[in-house]
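A.B. asks: Here's a structure for you.
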Amino acid sequence: MSNQSQRLIGRRAYRPHWPVNSSRVFKRRRWPGTKRSILKLSGRYNPKTLRREMVLTDKKPLFWFVGLLALLLLPIGVSTDRIYTMFGIICIYAAINVMWTLIIGTAGLQSFATLATVGVGAYGAGYLSVTYGLPWPAMLIAGAILGGVMGWLISLPARRLDGLYYALLTLGLSEFMRNFVTQSDALGGKFNGALFGVARIVPSDLLTSSTGQALLYGTAFIALLIALGVFRWVNGGRTGILLRTAATSKEDEAFASALGIDFNKERTRVFIIASAMLGFLGAFYATYIGGTSLQIFSLELLLLLLAMIVIGGLGRPEGAVVGTVVVVGITQWFTDWGPWRIMLVGALALASVLFTRNGLFGLKDQIREIRERRKALHRAAITGRYAEYLPQQAPEIGDKSEIVGRVFERTLRARLRSWINPDLIAEHQAKPMGQHSDHLERMLNYFRKAPIPDKYAVYCEVPFESYRVVALSGLPGVPPRIVDDKIYPTLDEAYHAVFLRRVNDLRAS
Amino acid sequence: MIDVLISAAVLASMYGLIAIGISFTWASIGMLNLAQGFIFTAGGYTAWLFAQYAETLGMEGPALSVGVLVFGMGGSALAGLLVGAVAFLPLQDRANFRTRSLIATLAISLMGTQLWLVLFGSQNKPLPPIFGEGRFEIANAGISSQQLGTIIVASFMLAAVIMWMRSSRHGLQMRAMMMNPLGAAVVGVSVRTTGMRVLAISGALTGLSSVLLAQVFFVSPTSGTQPLVIGLIISLAGGLGSIPGTVAAAGLIGLAEAMTARYLQQSLVPFVLFGIVVLILIFRPRGLGGLLEDVRE
């Protein structure tokens, strides 16, 4: 969020920039077939060198590129069975989580039907493959269709139910699916729900070699890429923009429908797309491991997936991916810890709910906010001088020396006010002009440098007979206004009257 | 026909206890307690531990039965308090309380299953039969003493809790919180104390159903999932927060399950239940007795 817009105050976020040849016309690169630019670039003049340069406004694509490259190359570099298994699971679960994020974040539907849909894709496509010998590309398509149909079915109640009701309804879906599979003979009820012999993408004879492993891992990685692509396509597209209007609350929904946005329709569309993708991933999972098991419908796996999303940060694709890496890393790497590793994951999820605002990726903003607050408190504590003009409080004052000037003025007035007493006034009354005591002299100096508008002055009606107090207008051609109807016979009395008025104003300020 | 009704009543009374616990918690403190499965198994294991201990003492008969019931309820009530201490008290006054407490309770149930796995292993633990082994004949149909006992104990406990809610001072506080949490807080009902009390009571009800259900099934680390799911959809269909609605929904679901299992197939039970709940929710999105949501919003 904060790297999109430059902050006004404090340290600015670093943005990569490089000089450009300004004589050449810049051509923006876009994703093929769309109007979306690949990198958000903008041109500017470097404030120091005044050379023309290009600035990368959004650094996220860079992080994504580096992160995904690492995810692709690390297992291939290490190339052991264990690493391949672990990262394959990471990719598939991350893809599922990204789609779940699409449902929770973009569509705003609190659905727990994710794994049920994945399972429908896996079992449906697996069953078709085992029984009718479907090849893997047809399986993937069948999975997507099944997932889409399933998504359409379970999106029906979503039109009438809101929020948590829907969450409750869908939480049970996996459990129901599991029961169904256990008790149906056709779906491998004989092997305790497991399905074997599903067609595989990478031929089985290749699987023992490291090339085959790398290929298999590559397919999982591609599945993740497809999921991320679908996320970006839906979330960054028109549907995503429309849904962001109705994102958070009931009021937002009312607002969105007032704008003419049929958010229910859009939500259903997103839900069906995501479900089709989940079914696709289910079918892919079946071809990936060559079968399915009931574990896919277990509540524990659903909770683990939820923990991944929560640890990473709800509603963000990067949170879904990083959370998956963390959780699958723990569960697959520390296998000898037994149940304790799941406890650790649960504890992490609990901690991120209790202590963070939105998981790992909300942490940055949260820490920054805490730090800013501490800084402000600290600054206010060490000196009361600038307290009311702290940069946070007076962001509209561009010139910082103005703040210093105002603070000086304020402290000066306070000191002068403390000197006002009857003796001082009597001293001025006795002798308005000439040498004075130090305090009176300083006060008069302050009065003299007051700005001209509304400054008091003495107006001579008849020399040596009648004087009046006036206030200057400060504008050329506009005469001073007469302040009151008192007439002073001598100049000294008039001077003193002006002094008294100014003292009064100083007191009031 | 009668035996279908009997098994429907047994199912309804066991599910109803859990559903009412969930419903209470939601209505009074606005927290969806999805750690109910953990609380369920906690009660089962406490009762099992007590039964093991009682065996070494040579305890038998009614004393053992009452002990098992009491310890099951006590263990679950303690687990309910634990859930409250972790998921309710720290989050209660924070932004986004509902979603965060939901996730927190889910995390607890994730950890809970593993905790039981570490402590007790994955084997099933049987509880001693607390209602004896007898059978009675009612109108040409047999009813086992276990079924009869389940119905009687569950309805007695339910009636007791409802009476207590209606006539006691604490019940008044809870009902005040159900109607208007802010208003209740303004007139001096402590949200935290009452919330913990609610969690303990709904825990105890869950514990009771755990002990009753363990007469048929066993106690195992994951045995809480199925009751949790059924309890959830019953409380959903009954309208979260409405006791008559929840009782009606429990009866309906129990009947549907018994009839499907009898006249159709056991494997269709999940779909029939799910279909019924979806139908109810399509025609009454707040459930059978649900009025509460308007107040909460």
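Here's how to read the names in the structure tokens: chain A, B, ... by the order shown, residue numbers from 1 in each chain, ligand numbers from 1 in the order shown.
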Once you count only C-alpha atoms, which residues of chain A turn out to be within 9 Å of chain B? Could you give them as a PyMOL selection string?
C.D. replies: chain A and resi 156-157+159-162+164-165+168-169+171-173+175-177+179-184+299-300+303-304+306-307+310+338-340+342-351+353-354
A.B. asks: Hey, what's within 10 Å of Ala77 of chain B if we count only C-alpha atoms and toss same-chain stuff fewer than 5 positions away? As a PyMOL selection string, please?
C.D. replies: chain B and resi 39-40+42-43+71-72+82-83+196-208
A.B. asks: Restricted to C-alpha atoms, what would the selected residues look like written as an mmCIF file, in the first residue's frame?
C.D. replies:
```
data_model
loop_
_atom_site.group_PDB
_atom_site.id
_atom_site.type_symbol
_atom_site.label_atom_id
_atom_site.label_comp_id
_atom_site.auth_asym_id
_atom_site.auth_seq_id
_atom_site.Cartn_x
_atom_site.Cartn_y
_atom_site.Cartn_z
ATOM 1 C CA ILE B 39 -14.376 -29.351 23.732
ATOM 2 C CA PHE B 40 -16.358 -32.442 22.763
ATOM 3 C CA ALA B 42 -12.049 -33.072 26.001
ATOM 4 C CA GLY B 43 -15.219 -34.197 27.764
ATOM 5 C CA PHE B 71 -16.559 -35.638 34.750
ATOM 6 C CA GLY B 72 -17.441 -35.498 31.068
ATOM 7 C CA LEU B 82 -9.687 -22.574 28.019
ATOM 8 C CA VAL B 83 -11.074 -21.680 24.609
ATOM 9 C CA MET B 196 -16.819 -17.054 30.152
ATOM 10 C CA ARG B 197 -19.888 -18.342 31.953
ATOM 11 C CA VAL B 198 -21.624 -18.942 28.626
ATOM 12 C CA LEU B 199 -18.590 -20.790 27.301
ATOM 13 C CA ALA B 200 -18.458 -22.981 30.397
ATOM 14 C CA ILE B 201 -22.139 -23.844 30.139
ATOM 15 C CA SER B 202 -22.111 -24.576 26.445
ATOM 16 C CA GLY B 203 -18.975 -26.609 27.086
ATOM 17 C CA ALA B 204 -20.788 -28.619 29.737
ATOM 18 C CA LEU B 205 -23.679 -29.307 27.354
ATOM 19 C CA THR B 206 -21.216 -30.426 24.711
ATOM 20 C CA GLY B 207 -19.496 -32.645 27.259
ATOM 21 C CA LEU B 208 -22.787 -34.262 28.114
#
```
A.B. asks: What lies within 12 Å of segment 124-136 of chain B using only C-alpha atoms, ignoring chain neighbours under 6 positions off, as a VMD selection string?
C.D. replies: chain B and resid 3 41 43 to 52 54 to 55 59 to 70 72 116 to 117 142 to 153 210 to 223
A.B. asks: Give the helix (DSSP H, G or I) residues of segment 48-93 of chain B, as assigned by DSSP on the backbone, as a ChimeraX atom specification.
C.D. replies: /B:48-57,61-88
A.B. asks: So that I can see what lies close to Ala248 of chain B, please list as a PyMOL selection string the residues with an atom at most 9 Å from it, counting only C-alpha atoms and leaving out residues fewer than 5 positions away in the same chain.
C.D. replies: chain B and resi 16+238+243+253+288-289
A.B. asks: Provide the atom CA of Leu301 of chain A to atom CA of Leu146 of chain A distance in Å, to one decimal place.
C.D. replies: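 Separating atom CA of Leu301 of chain A from atom CA of Leu146 of chain A is a distance of 21.2 Å.
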A.B. asks: Extract, using only C-alpha atoms, all DNA, RNA and protein residues at most 12 Å from Ile289 of chain A, discarding same-chain residues fewer than 4 positions from it, and format them as a list in words.
C.D. replies: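 Everything that qualifies: Thr85, Gly88, Ile89, Ile92, Ala122, Gly126, Ala194, Leu195, Phe196, Gly197, Val198, Ala199, Arg200, Ile201, Val202, Pro203, Ser204, Leu207, Gln213, Leu216, Tyr217, Thr219, Ala220, Gly282, Ala283, Phe284, Tyr285 and Ser293 of chain A.
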A.B. asks: Skipping near chain neighbours, those fewer than 5 positions away, what residues fall within 12 Å of Val458 of chain A using only C-alpha atoms, listed as a list in words?
C.D. replies: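 Contacts, in chain order: Pro463, Ser466, Tyr467, Arg468, Val469, Val470, Ala471, Leu472, Pro480, Arg481, Ile482, Val483, Asp484, Lys486, Ile487, Tyr488, Pro489, Thr490, Leu491, Asp492, Glu493, Ala494, Tyr495, His496, Ala497, Val498, Phe499 and Arg501 of chain A.
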A.B. asks: Between atom CA of Ser275 of chain A and atom CA of Gly147 of chain A, what distance in Å does the model show, to one decimal?
C.D. replies: 5.1 Å
A.B. asks: In Å to one decimal, how far is atom CA of Leu294 of chain A from atom CA of Ser129 of chain A?
C.D. replies: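 We find that atom CA of Ser129 of chain A and atom CA of Leu294 of chain A lie 17.5 Å from each other.
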A.B. asks: Taking 3 positions as the minimum chain separation for residues in the same chain, which residues sit within 12 Å of segment 168-181 of chain B when counting only C-alpha atoms? Answer as a PyMOL selection string.
C.D. replies: chain B and resi 23-31+160-165+184-199+201+240-243+291-297
A.B. asks: Could you give me the residues within segment 97-193 of chain B that DSSP places in strand (DSSP E or B), as a ChimeraX atom specification?
C.D. replies: /B:125,135-138,141-144
A.B. asks: Write a file of the selected residues as a CSV table (one decimal), in the first residue's frame, keeping C-alpha atoms.
C.D. replies:
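Dumped everything to out20.csv:
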```csv
chain,number,residue,atom,x,y,z
B,125,LYS,CA,-11.3,-45.3,23.9
B,135,ARG,CA,-34.2,-53.3,26.7
B,136,PHE,CA,-37.8,-52.2,27.0
B,137,GLU,CA,-40.8,-52.8,24.8
B,138,ILE,CA,-42.9,-49.8,23.9
B,141,ALA,CA,-40.8,-51.5,19.3
B,142,GLY,CA,-37.8,-52.2,21.3
B,143,ILE,CA,-35.9,-49.4,23.0
B,144,SER,CA,-32.7,-50.0,24.7
```
